[in-house]
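Have a look at the structure below before the remarks.
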Amino acid sequence: IFLEETIEESISFNKTISWDNSNKSTFLTTTAEDLVKVFSLRSDVYSSIEYQNEFPDNIEGLNFDKYDKNSAILFYKSNNEITGSIRLIFDKNKFLPSEEKFSLNYLRSESNKIVELSRQVVKQNNKGLGLEFKNFYKGIHQIVQNNQDKVNLVLASIVKEHYKLYSKFGGMNVEKELTSYGHLNIPFLILSWNPQKSSNYFKKLFLK
């Protein structure tokens, strides 16, 4: 029942997002078939990198949770196969996953409309960041640009050692530094990103 409810509400929510369909490799998830494939990919990736303790399956082989109901879920397709996915959780219920660590009310009080990036998975190919990463951030930028009535600030949790790359995006602020994240005992940063302040580096690398 929870799976059926999640699929129905997630598809309905994604259909409210303004999205440019000109990108022929990155898509919003608006069908049950694609959504189940995304849930399956998450499960496969988290199993392969032993993240199942942190992100457990709700049903064996399918990784989803309550936040999917109010998330814009992107997926990347190559050779007719879904090889990556990421979601943007909208602040519909005034509680986002990062708030298990600290309150975001100070950001809301500044008239920010927040989304939180989550469940970024890419099928392992040992080729570095790959086209999935580039297209996801291009898609995130597009969603913020096209849905400014719903979002103007993006939160993301990253491994601290990756900050050198993200700091080049422009409009990035460190909101919180953590010594660990759940079962992962490595330093993490929680960042906020205003895509309206994107740097020339970001525009050149991700938008062209």
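Residue numbers start at 1 in each chain; chains themselves are named A, B, ... in the order of the structure tokens; ligands are numbered from 1 in the order shown.
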
For segment 144-161 of chain A: contacts at 10 Å, only C-alpha atoms, fewer than 4 positions along chain excluded, given as number ranges by chain: A: 16-20, 88-92, 96, 98, 107-108, 111-118, 139-140, 165-166, 171-181, 184, 186-196

I want to know what sits within 12 Å of Gln52 of chain A, based on only C-alpha atoms, with residues of the same chain fewer than 6 positions away left out; could you give that as a PDB file with N, CA and C atoms, in the first residue's frame?
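Okay, this is what ended up in result.pdb:
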ATOM      1  N   ARG A  42      18.356   2.694  -7.194  1.00  0.00           N
ATOM      2  CA  ARG A  42      18.834   3.113  -5.867  1.00  0.00           C
ATOM      3  C   ARG A  42      19.237   1.900  -5.043  1.00  0.00           C
ATOM      4  N   SER A  43      18.376   0.891  -5.015  1.00  0.00           N
ATOM      5  CA  SER A  43      18.652  -0.314  -4.235  1.00  0.00           C
ATOM      6  C   SER A  43      19.931  -0.994  -4.706  1.00  0.00           C
ATOM      7  N   ASP A  44      20.082  -1.125  -6.021  1.00  0.00           N
ATOM      8  CA  ASP A  44      21.270  -1.781  -6.575  1.00  0.00           C
ATOM      9  C   ASP A  44      22.543  -1.022  -6.208  1.00  0.00           C
ATOM     10  N   VAL A  45      22.508   0.311  -6.359  1.00  0.00           N
ATOM     11  CA  VAL A  45      23.701   1.110  -6.080  1.00  0.00           C
ATOM     12  C   VAL A  45      24.040   1.071  -4.599  1.00  0.00           C
ATOM     13  N   TYR A  46      23.048   1.252  -3.731  1.00  0.00           N
ATOM     14  CA  TYR A  46      23.335   1.260  -2.298  1.00  0.00           C
ATOM     15  C   TYR A  46      23.805  -0.105  -1.808  1.00  0.00           C
ATOM     16  N   ASN A  58      12.646  -0.103   1.528  1.00  0.00           N
ATOM     17  CA  ASN A  58      11.347  -0.325   2.161  1.00  0.00           C
ATOM     18  C   ASN A  58      10.762  -1.666   1.742  1.00  0.00           C
ATOM     19  N   GLU A  60      12.316  -5.138  -0.445  1.00  0.00           N
ATOM     20  CA  GLU A  60      13.568  -5.665  -0.975  1.00  0.00           C
ATOM     21  C   GLU A  60      13.678  -5.397  -2.477  1.00  0.00           C
ATOM     22  N   GLY A  61      14.779  -4.740  -2.857  1.00  0.00           N
ATOM     23  CA  GLY A  61      15.011  -4.429  -4.258  1.00  0.00           C
ATOM     24  C   GLY A  61      14.451  -3.096  -4.702  1.00  0.00           C
ATOM     25  N   LEU A  62      13.719  -2.393  -3.810  1.00  0.00           N
ATOM     26  CA  LEU A  62      13.137  -1.086  -4.145  1.00  0.00           C
ATOM     27  C   LEU A  62      13.445  -0.105  -3.016  1.00  0.00           C
ATOM     28  N   ASN A  63      14.120   0.990  -3.337  1.00  0.00           N
ATOM     29  CA  ASN A  63      14.518   1.959  -2.337  1.00  0.00           C
ATOM     30  C   ASN A  63      13.705   3.239  -2.503  1.00  0.00           C
ATOM     31  N   GLY A 182      24.976  10.056   9.874  1.00  0.00           N
ATOM     32  CA  GLY A 182      24.366   8.748  10.090  1.00  0.00           C
ATOM     33  C   GLY A 182      25.418   7.706  10.425  1.00  0.00           C
ATOM     34  N   HIS A 183      25.461   6.643   9.634  1.00  0.00           N
ATOM     35  CA  HIS A 183      26.421   5.572   9.863  1.00  0.00           C
ATOM     36  C   HIS A 183      27.764   5.843   9.185  1.00  0.00           C
ATOM     37  N   LEU A 184      27.893   6.976   8.511  1.00  0.00           N
ATOM     38  CA  LEU A 184      29.105   7.286   7.764  1.00  0.00           C
ATOM     39  C   LEU A 184      30.002   8.176   8.609  1.00  0.00           C
TER      40      LEU A 184
END

Just asking: which residues within segment 15-183 of chain A are helix (DSSP H, G or I) according to DSSP, as a PyMOL selection string? chain A and resi 32-48+66-70+97-100+105-108+130-146+160-169

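Neighbouring residues of Lys66 of chain A at 9 Å or closer, counting only C-alpha atoms and skipping chain neighbours under 2 positions away, are Phe2, Thr6, Phe64, Asp68, Lys69 and Asn70 of chain A.
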
Report as a ChimeraX atom specification: the residues of segment 34-194 of chain A with a DSSP assignment of strand (DSSP E or B), based on the backbone of this structure. /A:59,62,71-78,81-90,114-122,153-159,172-178,181,184,188-193

Restricted to C-alpha atoms, what would the selected residues look like written as an mmCIF file, in the first residue's frame?
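Result written to result.cif:
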data_model
loop_
_atom_site.group_PDB
_atom_site.id
_atom_site.type_symbol
_atom_site.label_atom_id
_atom_site.label_comp_id
_atom_site.auth_asym_id
_atom_site.auth_seq_id
_atom_site.Cartn_x
_atom_site.Cartn_y
_atom_site.Cartn_z
ATOM 1 C CA ILE A 59 10.702 -3.360 -0.028
ATOM 2 C CA LEU A 62 13.137 -1.086 -4.145
ATOM 3 C CA SER A 71 10.161 15.343 -4.636
ATOM 4 C CA ALA A 72 11.102 16.247 -8.180
ATOM 5 C CA ILE A 73 12.835 13.029 -9.230
ATOM 6 C CA LEU A 74 15.265 13.237 -12.130
ATOM 7 C CA PHE A 75 16.789 10.319 -13.970
ATOM 8 C CA TYR A 76 19.457 10.008 -16.649
ATOM 9 C CA LYS A 77 19.027 7.530 -19.488
ATOM 10 C CA SER A 78 21.766 6.207 -21.772
ATOM 11 C CA GLU A 81 18.847 2.318 -19.708
ATOM 12 C CA ILE A 82 18.423 4.427 -16.567
ATOM 13 C CA THR A 83 21.950 4.863 -15.201
ATOM 14 C CA GLY A 84 21.456 7.563 -12.579
ATOM 15 C CA SER A 85 18.920 9.481 -10.510
ATOM 16 C CA ILE A 86 18.663 12.346 -8.052
ATOM 17 C CA ARG A 87 15.732 13.976 -6.275
ATOM 18 C CA LEU A 88 14.903 17.441 -4.994
ATOM 19 C CA ILE A 89 12.747 17.263 -1.879
ATOM 20 C CA PHE A 90 10.433 20.264 -1.708
ATOM 21 C CA ILE A 114 14.028 25.391 0.055
ATOM 22 C CA VAL A 115 14.598 22.060 -1.644
ATOM 23 C CA GLU A 116 17.055 19.429 -0.471
ATOM 24 C CA LEU A 117 19.072 17.230 -2.810
ATOM 25 C CA SER A 118 18.934 13.576 -1.904
ATOM 26 C CA ARG A 119 19.313 10.012 -3.220
ATOM 27 C CA GLN A 120 21.929 10.816 -5.851
ATOM 28 C CA VAL A 121 22.870 7.475 -7.379
ATOM 29 C CA VAL A 122 24.837 6.536 -10.469
ATOM 30 C CA LEU A 153 17.522 27.759 -2.479
ATOM 31 C CA VAL A 154 18.984 24.262 -2.751
ATOM 32 C CA LEU A 155 20.432 22.298 0.190
ATOM 33 C CA ALA A 156 22.944 19.500 -0.304
ATOM 34 C CA SER A 157 24.969 17.259 2.019
ATOM 35 C CA ILE A 158 28.413 16.451 0.660
ATOM 36 C CA VAL A 159 31.602 14.763 1.811
ATOM 37 C CA MET A 172 27.421 28.318 -2.278
ATOM 38 C CA ASN A 173 27.372 28.702 1.521
ATOM 39 C CA VAL A 174 28.382 26.232 4.222
ATOM 40 C CA GLU A 175 25.423 25.999 6.625
ATOM 41 C CA LYS A 176 26.705 23.235 8.890
ATOM 42 C CA GLU A 177 29.793 21.062 9.313
ATOM 43 C CA LEU A 178 29.295 17.543 10.670
ATOM 44 C CA TYR A 181 26.497 11.584 8.776
ATOM 45 C CA LEU A 184 29.105 7.286 7.764
ATOM 46 C CA PHE A 188 30.289 16.151 5.899
ATOM 47 C CA LEU A 189 29.160 19.644 4.955
ATOM 48 C CA ILE A 190 25.594 20.826 4.531
ATOM 49 C CA LEU A 191 25.591 23.476 1.820
ATOM 50 C CA SER A 192 23.036 25.945 0.541
ATOM 51 C CA TRP A 193 23.169 26.948 -3.102
#

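With atom CA of Leu3 of chain A on one side and atom CA of Pro56 of chain A on the other, the separation reads 14.4 Å.
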
For atom CA of Pro97 of chain A and atom CA of Glu9 of chain A, the interatomic separation in Å (one decimal): 18.8 Å

Name the closest residue to Gln142 of chain A among the candidates A:Ser47, A:Lys15, A:Ser198, A:Asn105; distances are taken between atoms, counting only C-alpha atoms. A:Ser198

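One finds atom CA of Phe27 of chain A at 12.6 Å from atom CA of Ile11 of chain A.
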
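Residue nearest Ser48 of chain A, chosen from A:Asp34, A:Gly130, A:Lys164, A:Gln124 and counting only C-alpha atoms: A:Gln124.
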